[in-house]
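Undergrad: What follows is the file final.cif, containing mmCIF, C-alpha atoms:
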data_query
loop_
_atom_site.label_atom_id
_atom_site.label_comp_id
_atom_site.auth_asym_id
_atom_site.auth_seq_id
_atom_site.Cartn_x
_atom_site.Cartn_y
_atom_site.Cartn_z
CA MET O 1 32.55 21.41 -171.46
CA GLY O 2 33.99 23.82 -168.94
CA LEU O 3 35.89 21.95 -166.25
CA PRO O 4 37.36 24.00 -163.39
CA LEU O 5 41.17 24.18 -163.55
CA PRO O 6 41.69 22.78 -160.00
CA THR O 7 39.65 19.70 -160.94
CA ILE O 8 41.62 19.28 -164.18
CA THR O 9 44.86 19.63 -162.21
CA ARG O 10 43.97 17.11 -159.49
CA CYS O 11 42.54 14.60 -161.96
CA SER O 12 45.61 14.87 -164.19
CA TYR O 13 47.74 13.92 -161.19
CA LEU O 14 45.27 11.14 -160.28
CA PHE O 15 45.61 9.78 -163.80
CA ASP O 16 49.35 9.21 -163.31
CA ILE O 17 48.95 7.88 -159.78
CA LEU O 18 46.36 5.37 -161.00
CA ARG O 19 48.74 4.14 -163.68
CA GLN O 20 51.37 3.51 -161.02
CA LEU O 21 48.89 1.69 -158.77
CA SER O 22 47.81 -0.41 -161.73
CA VAL O 23 51.43 -1.27 -162.57
CA ASN O 24 51.91 -2.28 -158.92
CA GLY O 25 48.96 -4.66 -159.25
CA GLN O 26 46.50 -2.77 -157.03
CA GLU O 27 42.88 -3.32 -158.15
CA TYR O 28 40.89 -1.06 -155.83
CA VAL O 29 41.66 2.23 -154.13
CA SER O 30 39.78 4.38 -151.64
CA SER O 31 39.29 8.13 -151.79
CA ALA O 32 41.19 8.28 -148.47
CA GLU O 33 44.26 6.65 -150.06
CA LEU O 34 44.05 8.84 -153.15
CA GLY O 35 43.59 11.96 -151.02
CA ASN O 36 46.61 11.03 -148.97
CA MET O 37 48.77 10.52 -152.05
CA LEU O 38 47.68 13.84 -153.55
CA GLY O 39 47.84 15.83 -150.31
CA GLN O 40 44.10 16.53 -150.59
CA LYS O 41 41.06 15.78 -148.48
CA PRO O 42 39.27 12.53 -149.46
CA ALA O 43 36.05 14.55 -149.89
CA THR O 44 37.76 16.75 -152.51
CA ILE O 45 38.80 13.66 -154.45
CA ARG O 46 35.28 12.19 -154.25
CA LYS O 47 33.79 15.49 -155.42
CA ASP O 48 36.18 15.69 -158.40
CA ILE O 49 35.44 12.12 -159.47
CA HIS O 50 31.74 12.57 -158.92
CA PHE O 51 31.76 15.79 -160.94
CA LEU O 52 33.74 14.25 -163.79
CA SER O 53 31.83 10.98 -164.01
CA GLY O 54 28.39 12.49 -163.58
CA ASP O 55 27.44 9.37 -161.59
CA SER O 56 24.45 9.85 -159.37
CA VAL O 57 26.08 8.35 -156.27
CA ALA O 58 29.51 9.24 -154.91
CA VAL O 59 31.40 6.16 -153.73
CA HIS O 60 34.41 5.76 -151.45
CA LYS O 61 36.14 2.84 -153.17
CA TYR O 62 37.09 2.72 -156.85
CA ASP O 63 38.22 0.17 -159.39
CA VAL O 64 41.69 1.45 -160.36
CA LYS O 65 41.49 0.69 -164.08
CA ALA O 66 37.89 1.80 -164.54
CA LEU O 67 38.58 5.08 -162.74
CA ARG O 68 41.64 5.69 -164.90
CA ASN O 69 39.66 5.03 -168.08
CA MET O 70 36.90 7.38 -166.96
CA ILE O 71 39.39 10.20 -166.26
CA GLN O 72 41.14 9.57 -169.58
CA GLU O 73 37.88 9.80 -171.48
CA LYS O 74 36.45 12.82 -169.65
CA LEU O 75 39.66 14.87 -169.70
CA GLY O 76 40.36 13.84 -173.29
CA LEU O 77 43.77 12.37 -172.44
CA GLY O 78 45.47 9.62 -174.40
CA ILE O 79 45.46 11.56 -177.68
CA GLU O 80 49.18 11.86 -178.23
CA ARG O 81 50.31 15.38 -179.03
CA ARG O 82 53.80 16.59 -179.86
CA ALA O 83 56.12 18.50 -177.57
CA CYS O 84 59.64 19.91 -177.70
CA ILE O 85 62.25 21.05 -175.19
CA VAL O 86 64.00 24.37 -175.74
CA GLY O 87 67.29 24.78 -173.87
CA LEU O 88 69.37 21.66 -173.35
CA GLY O 89 71.66 22.74 -170.51
CA LYS O 90 71.73 20.77 -167.26
CA LEU O 91 68.04 21.29 -166.42
CA GLY O 92 66.71 20.81 -169.96
CA SER O 93 68.79 17.67 -170.51
CA ALA O 94 67.64 16.27 -167.17
CA PHE O 95 63.99 16.87 -168.10
CA LEU O 96 64.56 15.27 -171.48
CA GLU O 97 66.09 12.18 -169.89
CA HIS O 98 63.33 12.05 -167.26
CA ALA O 99 60.63 12.35 -169.93
CA MET O 100 62.17 9.53 -171.96
CA ALA O 101 62.37 7.33 -168.83
CA PHE O 102 58.77 8.06 -167.76
CA PRO O 103 56.87 8.45 -171.03
CA ASN O 104 53.61 10.33 -171.03
CA GLU O 105 50.45 9.38 -172.90
CA SER O 106 49.44 12.97 -173.67
CA TYR O 107 52.63 14.36 -175.18
CA ARG O 108 55.58 12.82 -176.90
CA ILE O 109 58.76 14.88 -176.93
CA ILE O 110 59.95 14.74 -180.51
CA ALA O 111 62.45 17.61 -180.77
CA GLY O 112 65.01 19.56 -178.78
CA PHE O 113 66.52 22.99 -179.44
CA ASP O 114 69.61 24.77 -178.18
CA SER O 115 71.49 27.85 -179.33
CA ASN O 116 74.81 26.12 -178.70
CA VAL O 117 75.53 23.92 -181.72
CA ASN O 118 78.52 22.26 -180.02
CA ARG O 119 76.25 21.16 -177.20
CA LEU O 120 73.78 19.63 -179.66
CA GLU O 121 76.57 17.44 -181.02
CA THR O 122 77.44 16.00 -177.61
CA ILE O 123 73.92 15.06 -176.45
CA ARG O 124 72.92 11.45 -176.97
CA THR O 125 69.21 11.02 -177.44
CA SER O 126 66.74 9.36 -179.76
CA ILE O 127 64.86 12.62 -180.49
CA GLU O 128 65.83 15.10 -183.20
CA LEU O 129 67.91 18.10 -182.14
CA PHE O 130 68.01 21.46 -183.92
CA PRO O 131 69.78 24.81 -183.51
CA ALA O 132 67.61 27.47 -181.86
CA HIS O 133 67.31 29.59 -185.02
CA GLN O 134 65.10 26.84 -186.49
CA ILE O 135 62.51 26.95 -183.67
CA VAL O 136 59.70 28.65 -185.64
CA GLU O 137 60.20 26.60 -188.78
CA LYS O 138 60.54 23.18 -187.07
CA ILE O 139 57.60 23.72 -184.68
CA ARG O 140 55.43 24.61 -187.69
CA GLU O 141 56.73 21.76 -189.87
CA LYS O 142 56.30 19.11 -187.16
CA ALA O 143 53.02 20.48 -185.75
CA ILE O 144 54.43 20.70 -182.22
CA GLU O 145 51.79 21.86 -179.74
CA LEU O 146 53.72 22.26 -176.48
CA ALA O 147 57.13 23.71 -175.65
CA ILE O 148 59.02 23.03 -172.44
CA ILE O 149 61.34 25.98 -171.79
CA ALA O 150 64.60 25.59 -169.86
CA VAL O 151 66.75 28.43 -171.22
CA PRO O 152 68.60 31.08 -169.18
CA PRO O 153 66.26 33.88 -167.94
CA LEU O 154 67.40 36.53 -170.41
CA GLN O 155 66.55 34.33 -173.39
CA ALA O 156 63.16 33.16 -172.13
CA GLN O 157 60.87 35.82 -173.60
CA ASP O 158 62.50 35.67 -177.03
CA VAL O 159 62.37 31.87 -177.18
CA ILE O 160 58.75 31.81 -176.00
CA ASP O 161 57.82 34.39 -178.68
CA LYS O 162 59.35 32.10 -181.29
CA CYS O 163 57.51 29.03 -180.01
CA CYS O 164 54.23 30.96 -180.13
CA ASN O 165 55.01 32.13 -183.67
CA GLY O 166 55.63 28.52 -184.60
CA GLY O 167 52.14 27.71 -183.38
CA VAL O 168 52.33 26.00 -179.98
CA SER O 169 49.23 26.23 -177.80
CA GLY O 170 51.04 25.53 -174.51
CA ILE O 171 54.24 26.64 -172.78
CA LEU O 172 55.63 24.94 -169.67
CA ASN O 173 58.26 27.41 -168.50
CA PHE O 174 61.05 26.48 -166.06
CA SER O 175 63.07 29.61 -166.74
CA PRO O 176 63.02 32.02 -163.76
CA ALA O 177 62.06 35.06 -165.81
CA PRO O 178 58.94 37.23 -165.86
CA ILE O 179 57.22 36.57 -169.20
CA ARG O 180 55.53 39.77 -170.36
CA THR O 181 53.78 38.93 -173.55
CA ILE O 182 52.04 35.81 -174.66
CA PRO O 183 49.18 35.43 -177.17
CA SER O 184 45.85 35.00 -175.40
CA HIS O 185 45.16 31.55 -176.91
CA VAL O 186 48.41 30.11 -175.54
CA VAL O 187 48.36 28.51 -172.07
CA LEU O 188 51.48 29.42 -170.08
CA LYS O 189 52.46 27.68 -166.87
CA SER O 190 55.62 28.72 -165.10
CA PHE O 191 57.26 26.54 -162.49
CA ASP O 192 59.97 28.31 -160.54
CA ILE O 193 61.82 26.37 -157.85
CA SER O 194 62.69 29.52 -155.93
CA SER O 195 59.02 30.57 -155.81
CA GLU O 196 58.02 27.06 -154.76
CA LEU O 197 60.50 27.28 -151.88
CA ASN O 198 58.94 30.60 -150.87
CA ILE O 199 55.55 28.88 -150.70
CA PHE O 200 56.94 26.36 -148.20
CA ALA O 201 58.49 29.16 -146.14
CA ALA O 202 55.21 31.07 -146.05
CA ARG O 203 53.27 27.96 -145.11
CA ALA O 204 55.78 27.07 -142.38
CA GLN O 205 55.52 30.62 -141.06
CA HIS O 206 51.74 30.63 -141.00
CA SER O 207 51.37 27.35 -139.18
CA GLU O 208 53.90 28.20 -136.47
CA MET R 1 46.93 34.30 -139.50
CA GLY R 2 45.22 31.97 -141.93
CA LEU R 3 46.09 32.93 -145.49
CA PRO R 4 44.44 30.92 -148.28
CA LEU R 5 46.91 28.67 -150.10
CA PRO R 6 46.15 30.13 -153.57
CA THR R 7 47.00 33.62 -152.25
CA ILE R 8 50.21 32.33 -150.66
CA THR R 9 51.12 30.60 -153.93
CA ARG R 10 50.49 33.61 -156.17
CA CYS R 11 52.22 36.03 -153.80
CA SER R 12 55.25 33.74 -153.49
CA TYR R 13 55.59 33.86 -157.27
CA LEU R 14 55.03 37.63 -157.24
CA PHE R 15 57.83 37.97 -154.70
CA ASP R 16 60.34 36.47 -157.16
CA ILE R 17 58.95 38.38 -160.13
CA LEU R 18 59.27 41.66 -158.20
CA ARG R 19 62.91 40.90 -157.43
CA GLN R 20 63.57 40.42 -161.12
CA LEU R 21 61.76 43.66 -162.02
CA SER R 22 63.76 45.46 -159.35
CA VAL R 23 67.04 44.04 -160.70
CA ASN R 24 65.99 45.24 -164.17
CA GLY R 25 65.54 48.75 -162.76
CA GLN R 26 61.75 48.92 -163.00
CA GLU R 27 60.26 51.17 -160.28
CA TYR R 28 56.52 50.80 -160.78
CA VAL R 29 54.34 47.99 -162.02
CA SER R 30 50.64 47.70 -162.75
CA SER R 31 48.34 44.87 -161.70
CA ALA R 32 47.75 44.28 -165.44
CA GLU R 33 51.48 43.66 -166.01
CA LEU R 34 51.76 41.43 -162.95
CA GLY R 35 48.65 39.49 -163.93
CA ASN R 36 50.06 38.98 -167.39
CA MET R 37 53.36 37.67 -166.03
CA LEU R 38 51.61 35.28 -163.64
CA GLY R 39 48.93 34.13 -166.08
CA GLN R 40 46.24 35.56 -163.78
CA LYS R 41 43.56 38.20 -164.09
CA PRO R 42 44.68 41.67 -162.90
CA ALA R 43 41.70 41.71 -160.51
CA THR R 44 42.99 38.52 -158.83
CA ILE R 45 46.37 40.15 -158.28
CA ARG R 46 44.77 43.31 -156.87
CA LYS R 47 42.60 41.23 -154.54
CA ASP R 48 45.60 39.24 -153.26
CA ILE R 49 47.64 42.38 -152.60
CA HIS R 50 44.68 44.14 -151.05
CA PHE R 51 43.99 41.14 -148.82
CA LEU R 52 47.62 40.82 -147.74
CA SER R 53 48.28 44.50 -147.13
CA GLY R 54 44.97 45.24 -145.43
CA ASP R 55 45.02 48.66 -147.16
CA SER R 56 41.64 50.26 -147.37
CA VAL R 57 41.90 51.13 -151.07
CA ALA R 58 42.96 48.76 -153.86
CA VAL R 59 45.27 50.46 -156.34
CA HIS R 60 46.26 49.56 -159.89
CA LYS R 61 49.89 50.68 -159.86
CA TYR R 62 52.50 49.63 -157.30
CA ASP R 63 55.96 50.65 -156.19
CA VAL R 64 58.03 47.52 -156.97
CA LYS R 65 60.27 47.62 -153.89
CA ALA R 66 57.55 48.61 -151.43
CA LEU R 67 55.27 45.86 -152.72
CA ARG R 68 58.04 43.30 -152.41
CA ASN R 69 58.78 44.38 -148.84
CA MET R 70 55.12 44.17 -147.93
CA ILE R 71 54.82 40.61 -149.32
CA GLN R 72 58.04 39.60 -147.58
CA GLU R 73 56.78 40.86 -144.24
CA LYS R 74 53.25 39.50 -144.49
CA LEU R 75 54.24 36.06 -145.77
CA GLY R 76 57.15 35.87 -143.33
CA LEU R 77 59.74 35.37 -146.07
CA GLY R 78 63.38 36.36 -145.81
CA ILE R 79 64.05 34.20 -142.74
CA GLU R 80 66.60 31.81 -144.17
CA ARG R 81 65.80 28.17 -143.48
CA ARG R 82 67.85 25.12 -144.39
CA ALA R 83 67.12 22.67 -147.18
CA CYS R 84 68.71 19.56 -148.64
CA ILE R 85 68.47 17.63 -151.91
CA VAL R 86 68.07 13.86 -151.79
CA GLY R 87 69.03 12.04 -154.99
CA LEU R 88 71.83 13.53 -157.07
CA GLY R 89 71.25 11.88 -160.42
CA LYS R 90 70.67 14.03 -163.53
CA LEU R 91 67.54 15.77 -162.22
CA GLY R 92 68.78 16.30 -158.64
CA SER R 93 72.16 17.63 -159.81
CA ALA R 94 70.44 19.97 -162.26
CA PHE R 95 68.20 21.33 -159.47
CA LEU R 96 71.22 21.74 -157.22
CA GLU R 97 73.08 23.69 -159.88
CA HIS R 98 69.99 25.76 -160.65
CA ALA R 99 69.45 26.55 -156.97
CA MET R 100 73.07 27.65 -156.57
CA ALA R 101 72.77 29.88 -159.67
CA PHE R 102 69.47 31.45 -158.56
CA PRO R 103 69.72 31.63 -154.77
CA ASN R 104 66.56 31.87 -152.75
CA GLU R 105 65.98 34.06 -149.71
CA SER R 106 63.77 31.54 -147.92
CA TYR R 107 65.87 28.40 -148.08
CA ARG R 108 69.55 27.74 -148.46
CA ILE R 109 70.49 24.29 -149.71
CA ILE R 110 73.22 23.12 -147.36
CA ALA R 111 73.41 19.37 -147.96
CA GLY R 112 72.97 16.71 -150.62
CA PHE R 113 72.44 12.96 -150.25
CA ASP R 114 72.79 10.03 -152.60
CA SER R 115 72.94 6.27 -152.09
CA ASN R 116 75.71 5.98 -154.66
CA VAL R 117 78.97 6.85 -152.89
CA ASN R 118 80.94 6.87 -156.15
CA ARG R 119 78.58 9.50 -157.51
CA LEU R 120 79.11 11.68 -154.45
CA GLU R 121 82.84 11.70 -155.15
CA THR R 122 82.42 12.98 -158.69
CA ILE R 123 80.03 15.88 -157.98
CA ARG R 124 81.64 19.29 -157.68
CA THR R 125 79.70 21.61 -155.42
CA SER R 126 80.21 23.92 -152.49
CA ILE R 127 77.58 22.17 -150.33
CA GLU R 128 78.27 19.15 -148.14
CA LEU R 129 77.42 15.72 -149.57
CA PHE R 130 76.58 12.61 -147.56
CA PRO R 131 75.66 8.98 -148.24
CA ALA R 132 71.93 8.26 -148.02
CA HIS R 133 72.22 6.17 -144.84
CA GLN R 134 73.06 9.38 -142.95
CA ILE R 135 69.83 11.20 -143.93
CA VAL R 136 68.08 11.02 -140.53
CA GLU R 137 71.18 11.89 -138.53
CA LYS R 138 72.38 14.78 -140.71
CA ILE R 139 68.92 16.37 -141.09
CA ARG R 140 68.59 16.31 -137.30
CA GLU R 141 72.14 17.56 -136.65
CA LYS R 142 71.90 20.43 -139.13
CA ALA R 143 68.28 21.36 -138.38
CA ILE R 144 67.23 21.00 -142.02
CA GLU R 145 63.58 21.93 -142.52
CA LEU R 146 62.92 21.12 -146.17
CA ALA R 147 63.91 18.19 -148.39
CA ILE R 148 63.84 18.26 -152.19
CA ILE R 149 63.39 14.69 -153.43
CA ALA R 150 64.74 13.55 -156.81
CA VAL R 151 65.29 9.82 -156.30
CA PRO R 152 63.97 6.99 -158.52
CA PRO R 153 60.27 6.21 -157.85
CA LEU R 154 60.84 2.98 -155.91
CA GLN R 155 63.05 4.73 -153.35
CA ALA R 156 60.83 7.76 -152.83
CA GLN R 157 58.61 6.59 -149.95
CA ASP R 158 61.56 5.23 -147.96
CA VAL R 159 63.64 8.37 -148.43
CA ILE R 160 60.70 10.62 -147.54
CA ASP R 161 60.07 8.56 -144.37
CA LYS R 162 63.70 9.13 -143.38
CA CYS R 163 63.51 12.88 -144.03
CA CYS R 164 60.37 13.09 -141.88
CA ASN R 165 62.08 11.08 -139.13
CA GLY R 166 64.96 13.54 -139.30
CA GLY R 167 62.49 16.34 -138.64
CA VAL R 168 61.78 18.21 -141.87
CA SER R 169 58.49 20.10 -142.05
CA GLY R 170 58.35 20.25 -145.86
CA ILE R 171 58.92 17.87 -148.77
CA LEU R 172 59.15 19.03 -152.40
CA ASN R 173 58.88 15.78 -154.33
CA PHE R 174 59.94 15.44 -157.97
CA SER R 175 59.90 11.66 -157.92
CA PRO R 176 57.00 10.24 -159.97
CA ALA R 177 55.75 7.92 -157.23
CA PRO R 178 52.55 7.85 -155.19
CA ILE R 179 53.53 8.75 -151.61
CA ARG R 180 51.26 6.88 -149.21
CA THR R 181 52.26 7.96 -145.76
CA ILE R 182 53.43 11.28 -144.47
CA PRO R 183 53.08 12.73 -140.95
CA SER R 184 50.22 15.20 -140.76
CA HIS R 185 52.45 18.15 -139.74
CA VAL R 186 54.65 17.77 -142.84
CA VAL R 187 53.69 19.71 -145.97
CA LEU R 188 54.17 17.60 -149.11
CA LYS R 189 54.11 19.03 -152.59
CA SER R 190 54.66 16.75 -155.56
CA PHE R 191 55.57 18.08 -158.98
CA ASP R 192 55.35 15.50 -161.71
CA ILE R 193 56.21 16.53 -165.26
CA SER R 194 54.04 13.81 -166.77
CA SER R 195 51.01 14.99 -164.78
CA GLU R 196 51.74 18.59 -165.74
CA LEU R 197 51.73 17.56 -169.39
CA ASN R 198 48.35 15.87 -168.84
CA ILE R 199 47.00 19.17 -167.52
CA PHE R 200 48.01 20.90 -170.77
CA ALA R 201 46.41 18.12 -172.80
CA ALA R 202 43.16 18.36 -170.83
CA ARG R 203 43.09 22.15 -171.14
CA ALA R 204 43.82 21.96 -174.89
CA GLN R 205 41.02 19.43 -175.26
CA HIS R 206 38.50 21.51 -173.32
CA SER R 207 39.10 24.71 -175.22
CA GLU R 208 38.87 23.10 -178.66
#
Let me see the file written as structure tokens.

TA:
Amino acid sequence: MGLPLPTITRCSYLFDILRQLSVNGQEYVSSAELGNMLGQKPATIRKDIHFLSGDSVAVHKYDVKALRNMIQEKLGLGIERRACIVGLGKLGSAFLEHAMAFPNESYRIIAGFDSNVNRLETIRTSIELFPAHQIVEKIREKAIELAIIAVPPLQAQDVIDKCCNGGVSGILNFSPAPIRTIPSHVVLKSFDISSELNIFAARAQHSE
Amino acid sequence: MGLPLPTITRCSYLFDILRQLSVNGQEYVSSAELGNMLGQKPATIRKDIHFLSGDSVAVHKYDVKALRNMIQEKLGLGIERRACIVGLGKLGSAFLEHAMAFPNESYRIIAGFDSNVNRLETIRTSIELFPAHQIVEKIREKAIELAIIAVPPLQAQDVIDKCCNGGVSGILNFSPAPIRTIPSHVVLKSFDISSELNIFAARAQHSE
């Protein structure tokens, strides 16, 4: 089934928002509320849900749990896959801690890598840590499917090559480096804070 | 001028990539290379550049510096605005350090806030730090336009309300909390690692 990427993206965010609403005890939610929380128009939310569910009538008010289950089923979430973090400096360690505090149903982080062996010895965590020269071997051995990259820019391409050689199908890259080569079956998403700030500046400029 | 958000987003990322290419001494770049680095089709990149520049002929090879200057001018980048970080736990401190190491031409981070005064005393940084109860007053006084939010989920809405009261026009939210109310003139972008992982899972599922 070919779902458009913007729909996948919005519904993936909805999935987490719905969990939080459910935890807070909220039973029903409107497309207006969901739109507001996602920074999207309510009509966009209704269209996404309508498209995903295949229901014949679009509604404005949803049962929180039922909607979450529908999204989980249609997007194929809730099958736990394995992830690793490469680069355990300040940013990588912070992501690791954040991921342990807010666990995800789609990926479990099971390994961390860093080229600095002394650093590995000082990090306290329940996941397994390995020196960077074992990336290919450990990703293969543990069937890790996703790598979160938080290494310095000059190391990024090399580390990503190794993760791809190990067999990951996804790379979430936080390293501010242009990645030149990636196998065509691997999904790469880069998130660069500097570029995100530029987006705000451009948007501020164009609404002034 | 109304630029579509996807074009603004891709060109903001291009702007940073072009700086890195320029620093590496590369003079020319093709749309194929740029597309590869951004995870986009070369034709999409050519269309964006063509649209932004208004040139009558789309080309396949660009002068790195000239292209960067064009994007800067058309998006209105390079006017330095002021930003702050709210929440200086592991994630916020890591972002702060990252932002200082990779400075941005659109925003300069000039202040940090945290509700834990003891924490403020232990952080070493060249920017000014303030207790969270001064958010409204300091944002107003220093004309801060953007707030980067890295507080625990339960504090997020309250802190974002305060930043909006202080007068920011943009919120980059890393706190995994559904934000319910935001003034209509404020641009909110939430980045949630868990939701991003769901996107990978859904994409892996739909290409299997």

Undergrad: Counting all atoms listed in the file, which of O:Ile79, O:Ala66, O:Val117, O:Ile127 gets nearest to chain R?

TA: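 Ranking O:Ile79, O:Ala66, O:Val117, O:Ile127 by distance to chain R, first place goes to O:Ile79.
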
Undergrad: With only C-alpha atoms as the counted atoms, please give the residues lying no more than 7 Å from Gly76 of chain R, apart from itself and same-chain residues fewer than 2 positions off, as a list in words.

TA: Ala202 and Gln205 of chain O; Gln72, Glu73, Lys74 and Gly78 of chain R

Undergrad: What residues come out when you apply the PyMOL selection byres ((chain R) within 6 of (chain O)) to this file, written as a count of residues only?

TA: 21

Undergrad: Please report the interatomic distance between atom CA of Ile71 of chain R and atom CA of Ile49 of chain R in Å with one decimal.

TA: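 It comes out at 8.1 Å.
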
Undergrad: To one decimal place, how far is atom CA of Pro131 of chain O from atom CA of Leu88 of chain O in Å?

TA: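 Those two atoms sit 10.6 Å apart.
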
Undergrad: By how many Å are atom CA of Thr125 of chain R and atom CA of Arg119 of chain O apart?

TA: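 Taking atom CA of Thr125 of chain R as the start and atom CA of Arg119 of chain O as the end point, the length is 22.1 Å.
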
Undergrad: Go through O:Gln40, O:Ser126, O:Glu121, O:Asn165 one by one, measure the shortest atom-to-atom distance of each to Ala101 of chain O using all atoms listed in the file, and give the residue with the smallest value.

TA: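 Checking each of O:Gln40, O:Ser126, O:Glu121, O:Asn165 against Ala101 of chain O, counting all atoms listed in the file, the winner is O:Ser126.
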
Undergrad: Give me the residues near Asp114 of chain O as a PyMOL selection string, where near means some atom within 10 Å (using only C-alpha atoms) and where sequence neighbours in that chain fewer than 2 positions away do not count.

TA: chain O and resi 85-89+92+112+116-120+129-135+150-151

Undergrad: Tell me which protein, DNA and RNA residues are within 7 Å of Gly167 of chain O, counting all atoms listed in the file, leaving out same-chain ones fewer than 3 positions away, and put them as a VMD selection string.

TA: chain O and resid 139 to 140 145 163 to 164
